[in-house]
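Trainee: Take a look at my_file_0.txt, compact mmCIF, C-alpha atoms:
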```txt
# COMPACT_ATOMS: atom_id res chain seq x y z
CA MET W 211 6.79 -55.45 -215.78
CA THR W 212 5.83 -53.83 -212.50
CA THR W 213 2.48 -52.11 -212.19
CA HIS W 214 1.57 -49.56 -209.57
CA LYS W 215 -1.86 -49.53 -208.04
CA ASN W 216 -3.09 -45.94 -207.95
CA ASP W 217 -6.51 -45.35 -206.44
CA LYS W 218 -7.91 -42.90 -203.92
CA ASN W 219 -6.57 -44.99 -201.03
CA THR W 220 -2.94 -45.23 -202.08
CA ARG W 221 -0.38 -42.71 -203.25
CA THR W 222 2.49 -43.62 -205.55
CA THR W 223 4.79 -41.84 -203.09
CA GLY W 224 4.18 -44.65 -200.62
CA ARG W 225 3.19 -42.19 -197.90
CA PRO W 226 0.33 -43.27 -195.61
CA THR W 227 -3.02 -41.68 -196.44
CA LEU W 228 -5.96 -40.49 -194.37
CA ASN W 229 -8.08 -43.33 -195.78
CA GLU W 230 -5.54 -45.86 -194.52
CA VAL W 231 -5.64 -44.28 -191.07
CA ALA W 232 -9.45 -44.39 -191.10
CA ARG W 233 -9.47 -48.05 -192.14
CA LEU W 234 -7.03 -49.03 -189.41
CA ALA W 235 -9.02 -47.09 -186.79
CA GLY W 236 -12.34 -48.49 -188.03
CA VAL W 237 -13.90 -45.09 -188.69
CA SER W 238 -14.92 -43.06 -191.73
CA PRO W 239 -12.36 -40.75 -193.39
CA ILE W 240 -14.44 -37.75 -192.31
CA THR W 241 -14.33 -38.84 -188.67
CA ALA W 242 -10.60 -39.49 -188.93
CA SER W 243 -10.05 -36.02 -190.39
CA ARG W 244 -12.08 -34.36 -187.64
CA ALA W 245 -10.31 -36.36 -184.94
CA LEU W 246 -6.88 -35.34 -186.22
CA ARG W 247 -7.96 -31.69 -186.40
CA GLY W 248 -9.08 -31.77 -182.78
CA VAL W 249 -12.78 -31.09 -183.45
CA SER W 250 -14.47 -31.31 -180.05
CA SER W 251 -17.59 -33.15 -181.31
CA VAL W 252 -15.61 -36.36 -181.97
CA ALA W 253 -15.89 -38.89 -179.13
CA THR W 254 -12.75 -39.29 -177.03
CA GLU W 255 -12.46 -43.01 -177.70
CA LEU W 256 -12.60 -42.43 -181.45
CA VAL W 257 -9.96 -39.71 -181.22
CA GLU W 258 -7.69 -42.11 -179.37
CA LYS W 259 -8.22 -44.83 -182.00
CA VAL W 260 -7.47 -42.43 -184.85
CA GLN W 261 -4.40 -40.98 -183.16
CA LYS W 262 -3.10 -44.46 -182.43
CA ALA W 263 -3.64 -45.51 -186.06
CA ALA W 264 -1.94 -42.36 -187.33
CA GLN W 265 1.01 -42.96 -185.05
CA GLU W 266 1.28 -46.59 -186.12
CA LEU W 267 1.26 -45.63 -189.79
CA ASN W 268 3.48 -42.55 -189.25
CA TYR W 269 0.78 -40.45 -190.90
CA VAL W 270 1.31 -36.69 -191.15
CA VAL W 271 -1.54 -34.36 -192.08
CA ASN W 272 -0.98 -32.66 -195.45
CA SER W 273 -2.46 -29.23 -194.79
CA ALA W 274 -1.54 -27.95 -198.24
CA ALA W 275 -3.39 -30.80 -199.93
CA ARG W 276 -6.40 -30.26 -197.70
CA ALA W 277 -6.49 -26.58 -198.60
CA LEU W 278 -6.11 -27.36 -202.30
CA ALA W 279 -8.91 -29.91 -202.25
CA SER W 280 -11.33 -27.60 -200.47
CA ALA W 281 -10.04 -24.30 -201.93
CA GLN W 282 -9.72 -23.29 -198.29
CA SER W 283 -7.63 -24.41 -195.35
CA GLN W 284 -8.64 -24.81 -191.72
CA SER W 285 -5.90 -22.47 -190.58
CA VAL W 286 -6.00 -19.06 -188.95
CA VAL W 287 -2.85 -16.95 -189.21
CA VAL W 288 -1.77 -15.01 -186.12
CA LEU W 289 1.00 -12.44 -186.52
CA VAL W 290 2.67 -10.93 -183.44
CA PRO W 291 5.72 -8.65 -183.15
CA SER W 292 7.62 -10.69 -180.57
CA LEU W 293 7.92 -14.08 -178.90
CA SER W 294 10.73 -13.07 -176.56
CA ASN W 295 8.61 -12.55 -173.44
CA LEU W 296 5.26 -13.47 -171.94
CA LEU W 297 3.54 -10.43 -173.42
CA PHE W 298 2.32 -12.17 -176.58
CA ILE W 299 2.71 -15.75 -175.37
CA GLU W 300 -0.33 -15.31 -173.13
CA THR W 301 -2.32 -13.92 -176.06
CA LEU W 302 -1.33 -16.81 -178.32
CA GLU W 303 -2.22 -19.40 -175.69
CA ALA W 304 -5.71 -17.92 -175.35
CA ILE W 305 -6.21 -17.86 -179.12
CA HIS W 306 -5.12 -21.47 -179.38
CA GLN W 307 -7.50 -22.53 -176.59
CA VAL W 308 -10.46 -20.98 -178.42
CA LEU W 309 -9.70 -22.01 -182.02
CA ARG W 310 -8.18 -25.47 -181.63
CA PRO W 311 -11.29 -27.20 -180.17
CA LYS W 312 -13.23 -25.90 -183.18
CA GLY W 313 -10.87 -27.67 -185.56
CA PHE W 314 -8.75 -24.73 -186.65
CA GLU W 315 -4.98 -24.78 -186.94
CA VAL W 316 -3.16 -21.72 -185.60
CA LEU W 317 -0.25 -20.58 -187.78
CA ILE W 318 1.99 -18.21 -185.81
CA GLY W 319 4.28 -15.63 -187.35
CA ASN W 320 6.78 -13.40 -185.54
CA CYS W 321 7.50 -10.17 -187.42
CA HIS W 322 10.09 -8.84 -184.91
CA TYR W 323 8.48 -5.36 -184.91
CA SER W 324 9.25 -5.01 -188.63
CA ARG W 325 6.56 -3.87 -191.07
CA ASP W 326 8.50 -5.34 -193.99
CA GLU W 327 8.89 -8.68 -192.23
CA GLU W 328 5.17 -8.72 -191.46
CA GLU W 329 4.41 -8.09 -195.14
CA ASN W 330 6.63 -11.02 -196.16
CA LEU W 331 4.98 -13.28 -193.59
CA LEU W 332 1.55 -12.32 -194.86
CA ARG W 333 2.54 -13.03 -198.45
CA ASN W 334 3.95 -16.45 -197.52
CA TYR W 335 1.00 -17.45 -195.34
CA MET W 336 -1.54 -16.41 -197.99
CA THR W 337 -0.33 -19.37 -200.07
CA TYR W 338 -1.90 -21.62 -197.44
CA GLN W 339 -5.27 -19.99 -198.14
CA PRO W 340 -6.01 -19.29 -194.47
CA ARG W 341 -9.55 -18.89 -193.23
CA GLY W 342 -8.75 -15.78 -191.22
CA LEU W 343 -6.14 -13.35 -189.92
CA LEU W 344 -5.45 -12.15 -186.38
CA LEU W 345 -3.06 -9.19 -186.57
CA THR W 346 -1.38 -6.99 -183.97
CA GLY W 347 -2.16 -3.29 -184.22
CA PHE W 348 -2.81 -1.18 -187.31
CA ASP W 349 0.69 -0.12 -188.37
CA ARG W 350 1.67 -1.97 -191.54
CA THR W 351 2.86 -1.33 -195.09
CA GLU W 352 0.46 -0.19 -197.78
CA SER W 353 1.23 -3.39 -199.71
CA ALA W 354 0.18 -5.46 -196.70
CA ARG W 355 -3.06 -3.50 -196.41
CA ARG W 356 -3.86 -4.09 -200.07
CA MET W 357 -3.03 -7.78 -199.73
CA ILE W 358 -5.44 -8.17 -196.83
CA GLU W 359 -8.22 -6.36 -198.72
CA ALA W 360 -7.62 -8.26 -201.96
CA ASN W 361 -7.85 -11.68 -200.30
CA ASN W 362 -11.16 -10.72 -198.65
CA ILE W 363 -10.81 -12.99 -195.62
CA PRO W 364 -11.97 -12.26 -192.06
CA CYS W 365 -9.52 -10.18 -190.08
CA VAL W 366 -9.44 -9.14 -186.42
CA TYR W 367 -6.95 -6.62 -185.06
CA MET W 368 -5.56 -6.94 -181.53
CA MET W 369 -4.03 -4.71 -178.83
CA ASP W 370 -5.24 -1.37 -180.18
CA LEU W 371 -8.54 0.31 -181.06
CA ASP W 372 -9.78 2.20 -184.10
CA SER W 373 -13.47 3.00 -184.04
CA GLY W 374 -13.38 5.03 -187.23
CA ALA W 375 -11.98 2.49 -189.68
CA GLY W 376 -14.87 0.03 -189.72
CA LEU W 377 -12.58 -2.80 -188.58
CA ASN W 378 -13.00 -5.61 -186.07
CA CYS W 379 -10.59 -4.93 -183.22
CA VAL W 380 -10.04 -5.97 -179.60
CA GLY W 381 -7.68 -4.01 -177.37
CA PHE W 382 -7.41 -0.85 -175.33
CA SER W 383 -6.47 2.78 -175.79
CA GLN W 384 -2.71 3.15 -175.74
CA LEU W 385 -3.18 6.94 -175.54
CA ASN W 386 -5.35 6.65 -172.44
CA ALA W 387 -2.83 4.30 -170.85
CA GLY W 388 -0.07 6.88 -171.30
CA GLU W 389 -2.27 9.61 -169.87
CA THR W 390 -3.10 7.45 -166.85
CA ALA W 391 0.62 6.86 -166.23
CA ALA W 392 1.32 10.60 -166.21
CA GLN W 393 -1.68 11.40 -163.98
CA HIS W 394 -0.58 8.80 -161.45
CA LEU W 395 2.96 10.14 -161.20
CA ILE W 396 1.72 13.74 -161.03
CA SER W 397 -0.62 12.73 -158.20
CA ARG W 398 2.47 11.60 -156.29
CA GLY W 399 3.78 15.16 -156.39
CA ARG W 400 6.40 14.56 -159.09
CA LYS W 401 7.48 17.57 -161.16
CA HIS W 402 10.16 16.29 -163.54
CA LEU W 403 8.64 13.32 -165.37
CA ALA W 404 10.43 11.35 -168.07
CA TYR W 405 9.26 8.83 -170.66
CA VAL W 406 11.60 6.04 -171.78
CA GLY W 407 10.61 3.89 -174.74
CA ALA W 408 12.25 1.24 -176.93
CA GLN W 409 11.31 -0.71 -180.10
CA LEU W 410 9.30 2.39 -181.12
CA ASP W 411 6.42 0.46 -182.63
CA GLN W 412 3.19 2.42 -183.02
CA ARG W 413 1.81 1.32 -179.65
CA THR W 414 4.93 2.46 -177.77
CA LEU W 415 4.74 5.82 -179.52
CA LEU W 416 1.04 6.19 -178.71
CA ARG W 417 1.72 5.52 -175.02
CA GLY W 418 4.37 8.22 -175.14
CA GLU W 419 1.96 10.59 -176.87
CA GLY W 420 -0.66 10.07 -174.16
CA PHE W 421 1.98 10.66 -171.47
CA ARG W 422 3.11 13.84 -173.24
CA ARG W 423 -0.42 15.22 -173.57
CA ALA W 424 -1.13 14.80 -169.86
CA LEU W 425 2.14 16.53 -168.95
CA GLN W 426 1.40 19.40 -171.34
CA GLN W 427 -2.04 19.88 -169.78
CA ALA W 428 -0.41 20.01 -166.34
CA GLY W 429 2.29 22.41 -167.51
CA LEU W 430 5.03 19.88 -166.72
CA TYR W 431 6.20 18.77 -170.16
CA ASN W 432 9.92 18.93 -170.89
CA PRO W 433 11.01 17.48 -174.28
CA ASP W 434 14.49 16.83 -172.89
CA LEU W 435 12.98 14.20 -170.61
CA GLU W 436 11.97 11.86 -173.44
CA LEU W 437 14.45 9.09 -174.14
CA LEU W 438 13.49 6.94 -177.14
CA THR W 439 15.48 4.27 -178.95
CA PRO W 440 14.60 1.77 -181.72
CA ARG W 441 16.69 -0.89 -179.98
CA PRO W 442 14.86 -4.03 -178.76
CA SER W 443 13.37 -3.69 -175.30
CA SER W 444 15.19 -5.65 -172.57
CA VAL W 445 16.18 -5.57 -168.91
CA GLY W 446 19.76 -4.73 -169.87
CA LEU W 447 18.66 -1.83 -172.06
CA GLY W 448 16.46 -0.53 -169.26
CA ALA W 449 19.44 -0.41 -166.90
CA GLU W 450 21.52 1.37 -169.51
CA LEU W 451 18.86 3.97 -170.35
CA PHE W 452 18.09 4.63 -166.69
CA LEU W 453 21.74 5.40 -165.95
CA GLN W 454 22.01 7.58 -169.07
CA LEU W 455 18.91 9.56 -168.12
CA MET W 456 19.88 10.06 -164.48
CA GLN W 457 23.36 11.25 -165.46
CA SER W 458 22.15 13.70 -168.13
CA GLN W 459 18.98 14.85 -166.33
CA PRO W 460 19.61 14.48 -162.58
CA GLN W 461 16.49 16.50 -161.73
CA VAL W 462 14.22 13.66 -162.93
CA ASP W 463 11.98 12.44 -160.11
CA ALA W 464 9.67 10.06 -161.99
CA ILE W 465 10.06 7.80 -165.04
CA PHE W 466 7.41 6.00 -167.07
CA PHE W 467 8.93 3.09 -169.01
CA GLY W 468 7.14 1.85 -172.13
CA ASN W 469 7.69 -1.79 -171.13
CA ASP W 470 8.12 -3.62 -167.84
CA ASP W 471 11.44 -5.17 -168.80
CA LEU W 472 12.92 -1.70 -169.18
CA ALA W 473 11.53 -0.67 -165.79
CA GLN W 474 12.89 -3.84 -164.17
CA GLY W 475 16.34 -3.04 -165.51
CA ALA W 476 16.03 0.48 -164.11
CA LEU W 477 15.22 -0.87 -160.63
CA LEU W 478 18.25 -3.13 -160.70
CA GLU W 479 20.53 -0.31 -161.86
CA ALA W 480 19.12 2.04 -159.22
CA MET W 481 19.98 -0.53 -156.56
CA ARG W 482 23.53 -0.84 -157.92
CA CYS W 483 23.98 2.95 -157.94
CA GLY W 484 22.42 3.59 -154.55
CA ILE W 485 19.54 5.60 -156.04
CA LYS W 486 16.49 5.23 -153.81
CA VAL W 487 13.18 4.24 -155.45
CA PRO W 488 10.72 5.86 -155.01
CA GLU W 489 12.25 8.44 -152.63
CA GLN W 490 14.56 9.94 -155.28
CA VAL W 491 12.83 8.75 -158.42
CA ALA W 492 9.53 6.92 -158.95
CA VAL W 493 9.51 4.13 -161.53
CA LEU W 494 6.39 3.01 -163.41
CA GLY W 495 6.25 0.17 -165.94
CA PHE W 496 3.82 -1.05 -168.56
CA ASN W 497 2.23 -4.48 -169.19
CA ASP W 498 2.67 -5.77 -165.62
CA LEU W 499 4.72 -8.86 -166.42
CA PRO W 500 4.48 -11.63 -163.78
CA SER W 501 7.93 -10.90 -162.34
CA SER W 502 7.21 -7.21 -161.74
CA GLU W 503 5.41 -7.69 -158.44
CA HIS W 504 8.46 -9.59 -157.14
CA MET W 505 11.02 -6.87 -157.90
CA VAL W 506 12.69 -4.88 -155.12
CA PRO W 507 10.93 -2.56 -154.66
CA ARG W 508 7.76 -4.07 -156.15
CA LEU W 509 7.17 -2.44 -159.53
CA SER W 510 4.09 -0.31 -160.14
CA SER W 511 2.79 -1.00 -163.63
CA ILE W 512 -0.16 -0.67 -165.98
CA SER W 513 -1.64 -4.12 -166.38
CA THR W 514 -2.90 -5.05 -169.85
CA PRO W 515 -5.44 -7.86 -170.44
CA ARG W 516 -3.34 -9.85 -172.89
CA GLU W 517 -5.02 -13.21 -172.34
CA ALA W 518 -8.52 -11.72 -172.46
CA ILE W 519 -7.69 -9.88 -175.68
CA GLY W 520 -6.55 -13.11 -177.34
CA ARG W 521 -9.67 -14.96 -176.22
CA ARG W 522 -12.09 -12.24 -177.34
CA ALA W 523 -10.31 -11.76 -180.67
CA ALA W 524 -10.48 -15.50 -181.36
CA GLU W 525 -14.18 -15.51 -180.46
CA GLN W 526 -14.75 -12.65 -182.90
CA MET W 527 -12.92 -14.69 -185.52
CA LEU W 528 -15.19 -17.70 -184.97
CA THR W 529 -18.21 -15.46 -185.44
CA LEU W 530 -16.81 -14.13 -188.73
CA LEU W 531 -15.86 -17.62 -189.93
CA ALA W 532 -19.45 -18.73 -189.33
CA GLY W 533 -20.53 -16.06 -191.81
CA ASN W 534 -21.98 -13.73 -189.20
CA SER W 535 -21.21 -10.10 -188.45
CA VAL W 536 -19.76 -9.20 -185.07
CA ALA W 537 -22.29 -7.45 -182.82
CA GLU W 538 -19.58 -5.34 -181.16
CA PRO W 539 -16.76 -4.86 -183.71
CA VAL W 540 -14.69 -2.54 -181.49
CA VAL W 541 -14.10 -4.04 -178.04
CA ASP W 542 -12.27 -1.97 -175.42
CA MET W 543 -10.87 -4.42 -172.87
CA GLY W 544 -9.41 -1.60 -170.77
CA PHE W 545 -6.32 -1.67 -168.54
CA GLU W 546 -5.57 -1.40 -164.83
CA LEU W 547 -3.06 0.72 -162.94
CA ARG W 548 -1.43 -1.45 -160.29
CA VAL W 549 0.25 0.72 -157.70
CA ARG W 550 3.09 -0.88 -155.77
CA GLU W 551 6.19 0.24 -153.92
CA SER W 552 8.13 1.81 -156.82
CA THR W 553 5.81 4.84 -157.06
```
Would you write out, as C-alpha cells, the structure that this file holds?
Mentor:
Amino acid sequence: MTTHKNDKNTRTTGRPTLNEVARLAGVSPITASRALRGVSSVATELVEKVQKAAQELNYVVNSAARALASAQSQSVVVLVPSLSNLLFIETLEAIHQVLRPKGFEVLIGNCHYSRDEEENLLRNYMTYQPRGLLLTGFDRTESARRMIEANNIPCVYMMDLDSGAGLNCVGFSQLNAGETAAQHLISRGRKHLAYVGAQLDQRTLLRGEGFRRALQQAGLYNPDLELLTPRPSSVGLGAELFLQLMQSQPQVDAIFFGNDDLAQGALLEAMRCGIKVPEQVAVLGFNDLPSSEHMVPRLSSISTPREAIGRRAAEQMLTLLAGNSVAEPVVDMGFELRVREST
C-alpha cells in the first residue's frame, strides 16, 4: 500500500511549493515570497538566491492561492482601451515602474474601446480579489459602476477629470484641449475649420465638443465640417478621411484630427495628392506620438502627459492601498500645444 505524505511543505499534485523554494535558497518562506514579488526591501543577493531556487525547481507563483489564503491578492488591475500604439503603453510602463517595486502585480486588460468588454474584464478580474483598480476615463456601463462600488476597493481614474464626482482621478481637460486646438488654428487666420474623429470614445467626443465651442464663439462653426466615424483610428483611416473631406468640402483650410495617427495619414495622403500643408490646409494632431515630429512636414500636435499620468495615478493608488486618503484627489496634469510645420 502506498502512502502519500501530505504536510504544509508538500502538495499531492507534486508541484514545487514556496516552502521548498525557501529551503533550497536558505531563507524563510516570507523572504522567498517577498523576493518573488519583487519587494524592494529584500537584499539583492537574497533575491538572486530565491530566483535561482525557483528556476531550479520550476516553481510558479500561484496568485489565486495567495489571494485565497489572505482574502486579498497583491494585484492591481489596469484597464485601458487599446494596446495598438504607444499612447497607453507609456502609461502602463509608468504604472508598472511605480507598483512593481512595492510588491504589486499589474494585471492589464484591453477593452478595445468597448464598454461591454470592459464590464466583462472587470467581472473576470474581480475573481482575483485585486487590491485596486486603475481605469481609463469615466464612460462605462451602469453594471460596471455598481460592480466597482459593491467591491469597495480603491479606484483611480486616468486621462480625464471630474471634480464633481468625489473620485480620485489624474488627467487633463479634454474639452480645454479641443478649445486650444481651435484657438491655435483660428490664430493662423483659418476660416473653414474641420474636426475629424474616430473610435468615438468619450474623450474623442469631448475634444470635438471643445473644438466646436471655440468655433461657435468665434462665429466659425460649420456642422458640415465634422467628420466622425466609430471605426478604429489608424494611419490608413486618416488618409481615407482626409481625402473624403477635401473632396466633399474643398473650402476646408484647417483640420484638427482627434488622434495623431489620423493626422499622419492625412499628411501622407496630402503629399500623394499634391495638396500643400500648411499652405492650402493646416493639419493639427492630438497626443503627439513620437513619430509626429519626424513627419513631412513636421506635425503640430497637442502633447499629452501619458507617462506622468500613469506615474501619478499609481502613486495615488499606493496612498489608497496604505489606508490613507489622497491629499489632492483631482490632479490636472495639463497638456502642451507643440507647434510645428503643419500649421
Trainee: Pick out the closest residue to Val406 in chain W from this set: W:Ala473, W:Leu343, W:Leu425, W:Ile363. Count all atoms listed in the file.
Mentor: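 Closest to Val406 in chain W of all the choices is W:Ala473.
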Trainee: Hey, what's within 12 Å of Ser501 in chain W if we count all atoms listed in the file and toss same-chain stuff fewer than 6 positions away? As a count of residues only, please?
Mentor: 15
Trainee: Which of these residues is nearest to Leu438 in chain W, using all atoms listed in the file: W:Ser294, W:Leu410, W:Ala424, W:Gln459?
Mentor: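 When distances to Leu438 in chain W are compared using all atoms listed in the file, the smallest one comes from W:Leu410.
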Trainee: Provide the CA of Glu538 in chain W to CA of Gly381 in chain W distance in Å, to one decimal place.
Mentor: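 According to the coordinates, CA of Glu538 in chain W and CA of Gly381 in chain W are separated by 12.6 Å.
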Trainee: With distances taken over all atoms listed in the file, which residue among W:Leu403, W:Val506, W:Cys379, W:Ala449 lies nearest Asp542 in chain W?
Mentor: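 Closest to Asp542 in chain W of all the choices is W:Cys379.
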Trainee: Between CA of Ser324 in chain W and CA of Phe298 in chain W, what is the distance in Å, rounded to a tenth?
Mentor: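 Straight-line distance from CA of Ser324 in chain W to CA of Phe298 in chain W works out to 15.6 Å.
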Trainee: Quick one: pull the distance between CA of Val288 in chain W and CA of Glu352 in chain W, Å, one decimal.
Mentor: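 Taking CA of Val288 in chain W as the start and CA of Glu352 in chain W as the end point, the length is 19.0 Å.
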Trainee: Find the residues with any atom within 12 Å of (-8.6, -46.0, -191.0); use all atoms listed in the file and the coordinates as given in the file, and write the answer as a VMD selection string.
Mentor: chain W and resid 219 226 to 243 245 to 246 256 to 257 259 to 267 269
Trainee: Ranking W:Val549, W:Leu530, W:Ile485, W:Val541 by minimum distance to Ile512 in chain W and counting all atoms listed in the file, which one comes first?
Mentor: W:Val549
Trainee: Tell me, as a list in words, which residues lie within 12 Å of Leu453 in chain W, counting all atoms listed in the file; anything in the same chain fewer than 2 positions away does not count.
Mentor: Val406, Leu437, Gly446, Leu447, Gly448, Ala449, Glu450, Leu451, Leu455, Met456, Gln457, Ser458, Gln459, Pro460, Val462, Ile465, Leu472, Ala473, Gly475, Ala476, Leu477, Leu478, Glu479, Ala480, Met481, Arg482, Cys483, Gly484 and Ile485 of chain W
Trainee: Could you check the closest approach to Gln339 in chain W for each of W:Asp498, W:Val286, W:Ser373, W:Met368 and tell me which residue wins, using only C-alpha atoms?
Mentor: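 Of W:Asp498, W:Val286, W:Ser373, W:Met368, the one nearest Gln339 in chain W, counting only C-alpha atoms, is W:Val286.
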Trainee: Nearest residue to Ile358 in chain W out of W:Leu309, W:Leu416, W:Val287, W:Val316, using only C-alpha atoms?
Mentor: W:Val287
Trainee: Save all heavy atoms of range 422-431 of chain W from the block above as a CSV table (one decimal), in the first residue's frame.
Mentor:
```csv
chain,number,residue,atom,x,y,z
W,422,ARG,N,-15.7,72.5,-31.1
W,422,ARG,CA,-16.9,73.1,-31.6
W,422,ARG,C,-17.3,74.4,-30.8
W,422,ARG,O,-17.7,75.4,-31.4
W,422,ARG,CB,-18.1,72.1,-31.4
W,422,ARG,CG,-19.4,72.5,-32.0
W,422,ARG,CD,-20.5,71.4,-31.7
W,422,ARG,NE,-20.0,70.1,-32.2
W,422,ARG,CZ,-19.9,69.1,-31.3
W,422,ARG,NH1,-20.1,69.2,-30.0
W,422,ARG,NH2,-19.5,67.9,-31.8
W,423,ARG,N,-17.1,74.3,-29.5
W,423,ARG,CA,-17.5,75.5,-28.7
W,423,ARG,C,-16.6,76.7,-29.1
W,423,ARG,O,-17.1,77.8,-29.2
W,423,ARG,CB,-17.2,75.2,-27.2
W,423,ARG,CG,-18.3,74.3,-26.6
W,423,ARG,CD,-18.0,74.1,-25.1
W,423,ARG,NE,-18.9,73.1,-24.5
W,423,ARG,CZ,-18.8,72.8,-23.2
W,423,ARG,NH1,-18.0,73.4,-22.4
W,423,ARG,NH2,-19.6,71.8,-22.7
W,424,ALA,N,-15.3,76.5,-29.2
W,424,ALA,CA,-14.4,77.6,-29.6
W,424,ALA,C,-14.8,78.2,-31.0
W,424,ALA,O,-14.8,79.4,-31.2
W,424,ALA,CB,-13.0,77.1,-29.6
W,425,LEU,N,-15.2,77.3,-31.9
W,425,LEU,CA,-15.6,77.8,-33.2
W,425,LEU,C,-16.9,78.6,-33.2
W,425,LEU,O,-17.1,79.6,-33.8
W,425,LEU,CB,-15.7,76.6,-34.2
W,425,LEU,CG,-14.5,75.8,-34.6
W,425,LEU,CD1,-14.8,74.8,-35.6
W,425,LEU,CD2,-13.3,76.8,-35.0
W,426,GLN,N,-17.8,78.1,-32.3
W,426,GLN,CA,-19.1,78.8,-32.2
W,426,GLN,C,-18.9,80.2,-31.6
W,426,GLN,O,-19.5,81.1,-32.0
W,426,GLN,CB,-20.0,78.0,-31.3
W,426,GLN,CG,-20.6,76.7,-32.0
W,426,GLN,CD,-21.3,75.8,-31.0
W,426,GLN,OE1,-21.1,75.8,-29.8
W,426,GLN,NE2,-22.2,74.9,-31.6
W,427,GLN,N,-18.0,80.3,-30.6
W,427,GLN,CA,-17.7,81.6,-30.0
W,427,GLN,C,-17.1,82.5,-31.0
W,427,GLN,O,-17.3,83.7,-30.9
W,427,GLN,CB,-16.8,81.4,-28.8
W,427,GLN,CG,-17.4,80.7,-27.6
W,427,GLN,CD,-16.5,80.4,-26.5
W,427,GLN,OE1,-15.3,80.7,-26.6
W,427,GLN,NE2,-17.0,79.8,-25.4
W,428,ALA,N,-16.3,82.0,-32.0
W,428,ALA,CA,-15.7,82.8,-33.0
W,428,ALA,C,-16.5,83.0,-34.2
W,428,ALA,O,-16.1,83.7,-35.1
W,428,ALA,CB,-14.3,82.2,-33.4
W,429,GLY,N,-17.7,82.4,-34.2
W,429,GLY,CA,-18.6,82.6,-35.3
W,429,GLY,C,-18.2,81.8,-36.6
W,429,GLY,O,-18.5,82.2,-37.7
W,430,LEU,N,-17.4,80.7,-36.4
W,430,LEU,CA,-16.8,80.0,-37.5
W,430,LEU,C,-17.3,78.5,-37.6
W,430,LEU,O,-16.8,77.8,-38.4
W,430,LEU,CB,-15.3,80.0,-37.4
W,430,LEU,CG,-14.6,81.3,-37.5
W,430,LEU,CD1,-13.1,81.2,-37.2
W,430,LEU,CD2,-14.8,81.9,-38.9
W,431,TYR,N,-18.3,78.2,-36.8
W,431,TYR,CA,-18.7,76.8,-36.7
W,431,TYR,C,-19.6,76.4,-37.9
W,431,TYR,O,-20.6,77.1,-38.2
W,431,TYR,CB,-19.5,76.5,-35.4
W,431,TYR,CG,-20.0,75.0,-35.4
W,431,TYR,CD1,-19.1,74.0,-35.4
W,431,TYR,CD2,-21.4,74.8,-35.3
W,431,TYR,CE1,-19.6,72.7,-35.3
W,431,TYR,CE2,-21.8,73.5,-35.3
W,431,TYR,CZ,-21.0,72.4,-35.3
W,431,TYR,OH,-21.4,71.1,-35.3
```
